[in-house]
Structure formats: structure tokens, C-alpha cells
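So this block is final_13.cif, mmCIF, N, CA and C atoms:
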data_query
#
loop_
_atom_site.label_atom_id
_atom_site.label_comp_id
_atom_site.auth_asym_id
_atom_site.auth_seq_id
_atom_site.Cartn_x
_atom_site.Cartn_y
_atom_site.Cartn_z
N MET W 1 -131.52 37.71 -66.00
CA MET W 1 -131.95 37.77 -67.38
C MET W 1 -131.06 36.82 -68.20
N LYS W 2 -131.68 36.13 -69.11
CA LYS W 2 -130.92 35.21 -69.97
C LYS W 2 -130.36 35.99 -71.17
N ILE W 3 -129.26 35.46 -71.71
CA ILE W 3 -128.59 36.15 -72.82
C ILE W 3 -129.53 36.27 -74.03
N TYR W 4 -130.37 35.27 -74.26
CA TYR W 4 -131.29 35.38 -75.40
C TYR W 4 -132.27 36.54 -75.22
N GLU W 5 -132.59 36.88 -73.97
CA GLU W 5 -133.46 38.03 -73.71
C GLU W 5 -132.75 39.34 -74.06
N VAL W 6 -131.45 39.41 -73.74
CA VAL W 6 -130.63 40.56 -74.11
C VAL W 6 -130.67 40.73 -75.62
N LYS W 7 -130.49 39.62 -76.32
CA LYS W 7 -130.52 39.62 -77.80
C LYS W 7 -131.84 40.20 -78.30
N GLU W 8 -132.93 39.75 -77.74
CA GLU W 8 -134.26 40.21 -78.18
C GLU W 8 -134.47 41.69 -77.87
N ILE W 9 -134.12 42.10 -76.66
CA ILE W 9 -134.32 43.49 -76.23
C ILE W 9 -133.54 44.45 -77.11
N LEU W 10 -132.31 44.07 -77.46
CA LEU W 10 -131.44 44.96 -78.23
C LEU W 10 -131.55 44.74 -79.74
N GLY W 11 -132.32 43.75 -80.17
CA GLY W 11 -132.38 43.43 -81.59
C GLY W 11 -131.00 43.07 -82.09
N ALA W 12 -130.26 42.33 -81.27
CA ALA W 12 -128.85 42.04 -81.54
C ALA W 12 -128.67 40.80 -82.41
N GLU W 13 -127.54 40.78 -83.06
CA GLU W 13 -127.10 39.63 -83.85
C GLU W 13 -126.13 38.83 -82.99
N VAL W 14 -126.27 37.52 -82.99
CA VAL W 14 -125.34 36.66 -82.25
C VAL W 14 -124.17 36.34 -83.17
N LEU W 15 -122.98 36.75 -82.75
CA LEU W 15 -121.77 36.48 -83.54
C LEU W 15 -121.19 35.11 -83.20
N CYS W 16 -121.33 34.71 -81.94
CA CYS W 16 -120.94 33.38 -81.50
C CYS W 16 -121.56 33.12 -80.14
N GLY W 17 -121.68 31.86 -79.81
CA GLY W 17 -122.24 31.50 -78.51
C GLY W 17 -123.72 31.16 -78.55
N ASP W 18 -124.20 30.67 -79.69
CA ASP W 18 -125.61 30.25 -79.77
C ASP W 18 -125.94 29.26 -78.65
N ASN W 19 -124.98 28.44 -78.28
CA ASN W 19 -125.17 27.44 -77.23
C ASN W 19 -125.17 28.05 -75.83
N LEU W 20 -124.89 29.35 -75.71
CA LEU W 20 -124.81 30.01 -74.41
C LEU W 20 -126.02 30.91 -74.14
N MET W 21 -126.98 30.93 -75.03
CA MET W 21 -128.09 31.87 -74.93
C MET W 21 -128.98 31.66 -73.70
N GLU W 22 -128.95 30.48 -73.10
CA GLU W 22 -129.73 30.21 -71.89
C GLU W 22 -129.01 30.63 -70.61
N ASN W 23 -127.74 31.02 -70.73
CA ASN W 23 -126.98 31.45 -69.55
C ASN W 23 -127.53 32.75 -68.99
N GLU W 24 -127.44 32.89 -67.68
CA GLU W 24 -127.96 34.06 -66.98
C GLU W 24 -126.90 35.16 -66.88
N VAL W 25 -127.37 36.39 -66.97
CA VAL W 25 -126.56 37.55 -66.61
C VAL W 25 -127.32 38.28 -65.50
N SER W 26 -126.58 38.69 -64.47
CA SER W 26 -127.20 39.36 -63.33
C SER W 26 -127.04 40.87 -63.39
N TYR W 27 -125.98 41.31 -64.09
CA TYR W 27 -125.66 42.73 -64.16
C TYR W 27 -125.15 43.08 -65.55
N ALA W 28 -125.14 44.38 -65.83
CA ALA W 28 -124.54 44.88 -67.07
C ALA W 28 -123.56 45.98 -66.70
N PHE W 29 -122.54 46.15 -67.54
CA PHE W 29 -121.53 47.19 -67.34
C PHE W 29 -121.12 47.70 -68.71
N GLY W 30 -121.22 49.00 -68.91
CA GLY W 30 -120.83 49.60 -70.18
C GLY W 30 -119.54 50.36 -70.04
N SER W 31 -118.54 49.99 -70.85
CA SER W 31 -117.25 50.68 -70.77
C SER W 31 -116.39 50.37 -71.98
N ASP W 32 -115.58 51.34 -72.35
CA ASP W 32 -114.53 51.11 -73.34
C ASP W 32 -113.17 51.06 -72.65
N LEU W 33 -113.16 51.18 -71.34
CA LEU W 33 -111.91 51.09 -70.56
C LEU W 33 -111.85 49.73 -69.88
N MET W 34 -111.00 48.86 -70.38
CA MET W 34 -110.92 47.52 -69.82
C MET W 34 -110.35 47.53 -68.40
N SER W 35 -109.60 48.55 -68.04
CA SER W 35 -109.11 48.66 -66.66
C SER W 35 -110.29 48.84 -65.70
N ASP W 36 -111.33 49.57 -66.11
CA ASP W 36 -112.53 49.72 -65.29
C ASP W 36 -113.27 48.39 -65.17
N VAL W 37 -113.32 47.64 -66.24
CA VAL W 37 -113.97 46.32 -66.20
C VAL W 37 -113.26 45.45 -65.16
N LEU W 38 -111.95 45.42 -65.21
CA LEU W 38 -111.20 44.60 -64.25
C LEU W 38 -111.35 45.09 -62.82
N ALA W 39 -111.49 46.39 -62.64
CA ALA W 39 -111.60 46.97 -61.30
C ALA W 39 -112.97 46.76 -60.68
N PHE W 40 -114.04 46.73 -61.48
CA PHE W 40 -115.39 46.79 -60.91
C PHE W 40 -116.29 45.60 -61.19
N VAL W 41 -115.93 44.72 -62.10
CA VAL W 41 -116.85 43.69 -62.55
C VAL W 41 -116.37 42.30 -62.15
N LYS W 42 -117.33 41.48 -61.73
CA LYS W 42 -117.02 40.08 -61.43
C LYS W 42 -118.21 39.21 -61.80
N GLY W 43 -118.00 38.25 -62.64
CA GLY W 43 -118.95 37.19 -62.97
C GLY W 43 -120.38 37.57 -63.30
N LYS W 44 -121.03 36.72 -64.08
CA LYS W 44 -122.44 36.86 -64.49
C LYS W 44 -122.81 38.26 -64.92
N THR W 45 -121.86 38.93 -65.57
CA THR W 45 -122.08 40.30 -66.03
C THR W 45 -121.96 40.35 -67.55
N LEU W 46 -122.78 41.21 -68.12
CA LEU W 46 -122.79 41.48 -69.54
C LEU W 46 -121.99 42.76 -69.77
N LEU W 47 -121.04 42.73 -70.66
CA LEU W 47 -120.24 43.91 -70.99
C LEU W 47 -120.75 44.53 -72.28
N LEU W 48 -121.04 45.83 -72.23
CA LEU W 48 -121.37 46.59 -73.43
C LEU W 48 -120.17 47.46 -73.76
N THR W 49 -119.67 47.36 -74.99
CA THR W 49 -118.47 48.11 -75.36
C THR W 49 -118.45 48.38 -76.86
N GLY W 50 -117.68 49.39 -77.21
CA GLY W 50 -117.45 49.69 -78.61
C GLY W 50 -116.07 49.23 -79.07
N LEU W 51 -115.29 48.69 -78.15
CA LEU W 51 -113.96 48.18 -78.51
C LEU W 51 -114.09 46.81 -79.16
N THR W 52 -113.29 46.58 -80.17
CA THR W 52 -113.39 45.30 -80.90
C THR W 52 -112.03 44.62 -81.02
N ASN W 53 -111.22 44.72 -80.00
CA ASN W 53 -109.91 44.08 -80.07
C ASN W 53 -109.85 42.87 -79.14
N GLN W 54 -108.74 42.12 -79.22
CA GLN W 54 -108.59 40.91 -78.41
C GLN W 54 -108.59 41.19 -76.92
N GLN W 55 -108.16 42.39 -76.54
CA GLN W 55 -108.11 42.74 -75.12
C GLN W 55 -109.50 42.63 -74.48
N VAL W 56 -110.54 42.92 -75.23
CA VAL W 56 -111.90 42.85 -74.70
C VAL W 56 -112.24 41.40 -74.31
N VAL W 57 -111.95 40.46 -75.17
CA VAL W 57 -112.25 39.05 -74.88
C VAL W 57 -111.35 38.54 -73.76
N ARG W 58 -110.11 38.93 -73.77
CA ARG W 58 -109.19 38.49 -72.70
C ARG W 58 -109.61 39.07 -71.35
N THR W 59 -110.06 40.31 -71.34
CA THR W 59 -110.56 40.93 -70.12
C THR W 59 -111.82 40.21 -69.64
N ALA W 60 -112.71 39.90 -70.56
CA ALA W 60 -113.94 39.18 -70.22
C ALA W 60 -113.62 37.82 -69.61
N GLU W 61 -112.61 37.16 -70.12
CA GLU W 61 -112.21 35.86 -69.58
C GLU W 61 -111.71 36.02 -68.15
N ILE W 62 -110.84 36.98 -67.92
CA ILE W 62 -110.28 37.21 -66.58
C ILE W 62 -111.37 37.57 -65.58
N ALA W 63 -112.31 38.41 -65.99
CA ALA W 63 -113.38 38.88 -65.10
C ALA W 63 -114.55 37.90 -65.04
N ASP W 64 -114.46 36.79 -65.75
CA ASP W 64 -115.50 35.77 -65.77
C ASP W 64 -116.85 36.32 -66.23
N LEU W 65 -116.82 37.12 -67.30
CA LEU W 65 -118.04 37.71 -67.84
C LEU W 65 -118.81 36.68 -68.66
N SER W 66 -120.13 36.85 -68.71
CA SER W 66 -120.99 35.92 -69.44
C SER W 66 -121.04 36.19 -70.94
N ALA W 67 -121.02 37.48 -71.30
CA ALA W 67 -121.19 37.84 -72.70
C ALA W 67 -120.72 39.27 -72.94
N ILE W 68 -120.44 39.54 -74.20
CA ILE W 68 -120.04 40.89 -74.64
C ILE W 68 -121.02 41.33 -75.71
N VAL W 69 -121.51 42.56 -75.58
CA VAL W 69 -122.34 43.16 -76.63
C VAL W 69 -121.55 44.31 -77.23
N PHE W 70 -121.27 44.21 -78.51
CA PHE W 70 -120.61 45.31 -79.22
C PHE W 70 -121.68 46.29 -79.66
N VAL W 71 -121.52 47.54 -79.26
CA VAL W 71 -122.52 48.57 -79.54
C VAL W 71 -122.12 49.39 -80.77
N ARG W 72 -123.02 50.25 -81.20
CA ARG W 72 -122.80 51.16 -82.33
C ARG W 72 -122.49 50.43 -83.63
N GLY W 73 -122.90 49.17 -83.73
CA GLY W 73 -122.68 48.41 -84.96
C GLY W 73 -121.24 48.02 -85.18
N LYS W 74 -120.42 48.12 -84.15
CA LYS W 74 -119.00 47.76 -84.28
C LYS W 74 -118.86 46.24 -84.38
N LYS W 75 -118.26 45.79 -85.45
CA LYS W 75 -118.13 44.35 -85.68
C LYS W 75 -116.67 43.92 -85.52
N PRO W 76 -116.43 42.97 -84.63
CA PRO W 76 -115.05 42.49 -84.43
C PRO W 76 -114.61 41.60 -85.58
N GLY W 77 -113.31 41.47 -85.74
CA GLY W 77 -112.75 40.59 -86.76
C GLY W 77 -112.94 39.13 -86.41
N ASP W 78 -112.70 38.29 -87.39
CA ASP W 78 -112.85 36.85 -87.19
C ASP W 78 -111.95 36.32 -86.08
N ASP W 79 -110.76 36.90 -85.91
CA ASP W 79 -109.85 36.45 -84.86
C ASP W 79 -110.45 36.68 -83.47
N ILE W 80 -111.21 37.75 -83.30
CA ILE W 80 -111.85 38.04 -82.02
C ILE W 80 -112.98 37.04 -81.77
N VAL W 81 -113.76 36.77 -82.80
CA VAL W 81 -114.85 35.81 -82.68
C VAL W 81 -114.29 34.43 -82.35
N GLU W 82 -113.22 34.03 -83.02
CA GLU W 82 -112.60 32.72 -82.76
C GLU W 82 -112.10 32.63 -81.32
N LEU W 83 -111.50 33.71 -80.82
CA LEU W 83 -111.01 33.72 -79.45
C LEU W 83 -112.17 33.58 -78.46
N ALA W 84 -113.27 34.26 -78.73
CA ALA W 84 -114.44 34.17 -77.85
C ALA W 84 -115.02 32.75 -77.85
N VAL W 85 -115.05 32.12 -79.01
CA VAL W 85 -115.51 30.73 -79.09
C VAL W 85 -114.62 29.85 -78.22
N GLU W 86 -113.32 30.03 -78.36
CA GLU W 86 -112.35 29.26 -77.59
C GLU W 86 -112.53 29.47 -76.08
N LYS W 87 -112.87 30.67 -75.67
CA LYS W 87 -113.00 31.01 -74.25
C LYS W 87 -114.41 30.81 -73.71
N GLY W 88 -115.35 30.46 -74.58
CA GLY W 88 -116.73 30.21 -74.14
C GLY W 88 -117.48 31.47 -73.75
N ILE W 89 -117.26 32.54 -74.51
CA ILE W 89 -117.91 33.82 -74.24
C ILE W 89 -118.81 34.16 -75.43
N ALA W 90 -120.07 34.47 -75.13
CA ALA W 90 -121.01 34.84 -76.18
C ALA W 90 -120.73 36.26 -76.66
N LEU W 91 -120.79 36.47 -77.96
CA LEU W 91 -120.64 37.81 -78.54
C LEU W 91 -121.91 38.18 -79.29
N LEU W 92 -122.37 39.41 -79.01
CA LEU W 92 -123.54 39.94 -79.70
C LEU W 92 -123.19 41.29 -80.29
N LEU W 93 -123.95 41.69 -81.29
CA LEU W 93 -123.73 42.96 -81.98
C LEU W 93 -125.06 43.70 -82.08
N THR W 94 -125.08 44.96 -81.64
CA THR W 94 -126.27 45.79 -81.75
C THR W 94 -125.93 47.12 -82.41
N ARG W 95 -126.90 47.68 -83.10
CA ARG W 95 -126.72 49.00 -83.72
C ARG W 95 -126.96 50.12 -82.70
N ASN W 96 -127.52 49.79 -81.54
CA ASN W 96 -127.77 50.78 -80.50
C ASN W 96 -126.48 51.39 -79.97
N THR W 97 -126.56 52.64 -79.54
CA THR W 97 -125.43 53.24 -78.84
C THR W 97 -125.33 52.59 -77.46
N MET W 98 -124.22 52.80 -76.77
CA MET W 98 -124.06 52.23 -75.45
C MET W 98 -125.14 52.77 -74.50
N TYR W 99 -125.42 54.06 -74.61
CA TYR W 99 -126.41 54.70 -73.75
C TYR W 99 -127.79 54.09 -73.98
N THR W 100 -128.19 53.97 -75.23
CA THR W 100 -129.50 53.42 -75.55
C THR W 100 -129.60 51.95 -75.16
N ALA W 101 -128.58 51.17 -75.46
CA ALA W 101 -128.58 49.75 -75.10
C ALA W 101 -128.67 49.58 -73.58
N SER W 102 -127.92 50.38 -72.85
CA SER W 102 -127.95 50.31 -71.39
C SER W 102 -129.34 50.65 -70.87
N GLY W 103 -129.93 51.70 -71.41
CA GLY W 103 -131.26 52.11 -70.99
C GLY W 103 -132.32 51.05 -71.26
N LYS W 104 -132.24 50.43 -72.42
CA LYS W 104 -133.21 49.39 -72.76
C LYS W 104 -133.09 48.21 -71.79
N LEU W 105 -131.87 47.81 -71.50
CA LEU W 105 -131.66 46.67 -70.60
C LEU W 105 -132.07 47.02 -69.17
N TYR W 106 -131.73 48.22 -68.72
CA TYR W 106 -132.08 48.66 -67.37
C TYR W 106 -133.60 48.74 -67.20
N SER W 107 -134.27 49.26 -68.21
CA SER W 107 -135.73 49.41 -68.12
C SER W 107 -136.43 48.06 -68.11
N ARG W 108 -135.74 47.01 -68.56
CA ARG W 108 -136.30 45.65 -68.54
C ARG W 108 -135.84 44.84 -67.33
N GLY W 109 -135.13 45.53 -66.38
CA GLY W 109 -134.81 44.88 -65.11
C GLY W 109 -133.38 44.44 -64.91
N LEU W 110 -132.51 44.63 -65.88
CA LEU W 110 -131.11 44.24 -65.71
C LEU W 110 -130.37 45.37 -65.01
N GLU W 111 -129.88 45.10 -63.82
CA GLU W 111 -129.22 46.11 -63.01
C GLU W 111 -127.78 46.34 -63.49
N GLY W 112 -127.29 47.53 -63.18
CA GLY W 112 -125.90 47.85 -63.44
C GLY W 112 -125.03 47.38 -62.30
N VAL W 113 -123.74 47.30 -62.56
CA VAL W 113 -122.76 46.93 -61.54
C VAL W 113 -122.68 48.08 -60.54
N SER W 114 -122.66 47.74 -59.25
CA SER W 114 -122.54 48.74 -58.21
C SER W 114 -121.06 49.02 -57.93
N ILE W 115 -120.71 50.27 -57.94
CA ILE W 115 -119.32 50.66 -57.68
C ILE W 115 -119.27 51.30 -56.31
N ASP W 116 -118.62 50.61 -55.37
CA ASP W 116 -118.54 51.13 -53.99
C ASP W 116 -117.19 51.71 -53.68
#

Using C-alpha cells, write down the structure that the file contains.
Amino acid sequence: MKIYEVKEILGAEVLCGDNLMENEVSYAFGSDLMSDVLAFVKGKTLLLTGLTNQQVVRTAEIADLSAIVFVRGKKPGDDIVELAVEKGIALLLTRNTMYTASGKLYSRGLEGVSID
């Protein structure tokens, strides 16, 4: 699924990364625990989270994530957006809860990360 499709499905606002909307995501992972992201996620994954601090973008960079969707209408500060621009990570914002956003994406074919 392309990031622009995620935007459409969730009715999300693009905070940065307009130039990345054609990039593919293969999986989604919802978490507010960045340690879980580092433990279970690798590349071409979309992160859904309610955290809006720099650790989220830094974790996404380390895990080679494609994009971050902030759920529940949580809006990160300008410093977070600037860091994401610098790291080449798309940021989106949706009013959906994590549960609802995950369900919408899953029902449209975006699989979750498998934890073995």
C-alpha cells in the first residue's frame, strides 16, 4: 500500500513528506512503546502511535520505517516535524484512535507485523 492510500483511508493530514506519498508500506504496527518497535519492526512499516516526542522519529529512523501516523489527533511540535524532514520520514495525523486506524488499514489489506 502506498502512503497516499494510508492518508486517504484514515482521512489524515500530511505534516511532512509530501514527496514520499508514493512510497510503499508493507506492514503496520501500532504502539506507544518504542522498545517494542525496535524489537519487532523492520523496514517498509507504518507506525501508528500517540507519542509525539523526538524518540518516535529517532526510533523510526533506526528501524527504517516508512512513515509515522499520529493517532487521536495528537500533533507533534515543529521540532519533531523538522527532524522527520531531515530523516526523510513522512508524518501523518489522524483523528482516529489507534484501534480504529488499525482496523481501517487492516480491512483495506495492510497486514500487521508478525511477532514470532

Which of W:Leu92, W:Leu105, W:Val113, W:Leu51 sits closest to Val69 of chain W [using only C-alpha atoms]: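 Of all the options, W:Leu92 lies closest to Val69 of chain W.
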
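Using all atoms listed in the file, the shortest contact distance between Gly109 of chain W and any of W:Ala63, W:Pro76, W:Leu33, W:Met1 is found at W:Met1.
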
Apply the PyMOL selection byres (((chain W and resi 18-25 and name CA) around 7) and name CA) to the structure shown and report the selected residues as a compact mmCIF listing (two decimals) with N, CA and C atoms, in the frame of the given file.
# COMPACT_ATOMS: atom_id res chain seq x y z
N MET W 1 -131.52 37.71 -66.00
CA MET W 1 -131.95 37.77 -67.38
C MET W 1 -131.06 36.82 -68.20
N LYS W 2 -131.68 36.13 -69.11
CA LYS W 2 -130.92 35.21 -69.97
C LYS W 2 -130.36 35.99 -71.17
N ILE W 3 -129.26 35.46 -71.71
CA ILE W 3 -128.59 36.15 -72.82
C ILE W 3 -129.53 36.27 -74.03
N TYR W 4 -130.37 35.27 -74.26
CA TYR W 4 -131.29 35.38 -75.40
C TYR W 4 -132.27 36.54 -75.22
N VAL W 14 -126.27 37.52 -82.99
CA VAL W 14 -125.34 36.66 -82.25
C VAL W 14 -124.17 36.34 -83.17
N CYS W 16 -121.33 34.71 -81.94
CA CYS W 16 -120.94 33.38 -81.50
C CYS W 16 -121.56 33.12 -80.14
N GLY W 17 -121.68 31.86 -79.81
CA GLY W 17 -122.24 31.50 -78.51
C GLY W 17 -123.72 31.16 -78.55
N SER W 26 -126.58 38.69 -64.47
CA SER W 26 -127.20 39.36 -63.33
C SER W 26 -127.04 40.87 -63.39
N TYR W 27 -125.98 41.31 -64.09
CA TYR W 27 -125.66 42.73 -64.16
C TYR W 27 -125.15 43.08 -65.55
N LYS W 44 -121.03 36.72 -64.08
CA LYS W 44 -122.44 36.86 -64.49
C LYS W 44 -122.81 38.26 -64.92
N THR W 45 -121.86 38.93 -65.57
CA THR W 45 -122.08 40.30 -66.03
C THR W 45 -121.96 40.35 -67.55
N LEU W 46 -122.78 41.21 -68.12
CA LEU W 46 -122.79 41.48 -69.54
C LEU W 46 -121.99 42.76 -69.77
N SER W 66 -120.13 36.85 -68.71
CA SER W 66 -120.99 35.92 -69.44
C SER W 66 -121.04 36.19 -70.94
N ALA W 90 -120.07 34.47 -75.13
CA ALA W 90 -121.01 34.84 -76.18
C ALA W 90 -120.73 36.26 -76.66

Evaluate the PyMOL selection byres (((chain W and resi 115 and name CA) around 9) and name CA) on the structure here and hand back the selected residues as a ChimeraX atom specification. /W:40-41,113-114,116

Given only C-alpha atoms as the basis, pick out the residue of W:Leu93, W:Ala67, W:Leu110, W:Val56 nearest to Met34 of chain W.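 When distances to Met34 of chain W are compared using only C-alpha atoms, the smallest one comes from W:Val56.
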
Between W:Ala28, W:Ala12, W:Ala84, W:Met98, which has the minimum distance to Arg58 of chain W (counting all atoms listed in the file)? W:Ala84
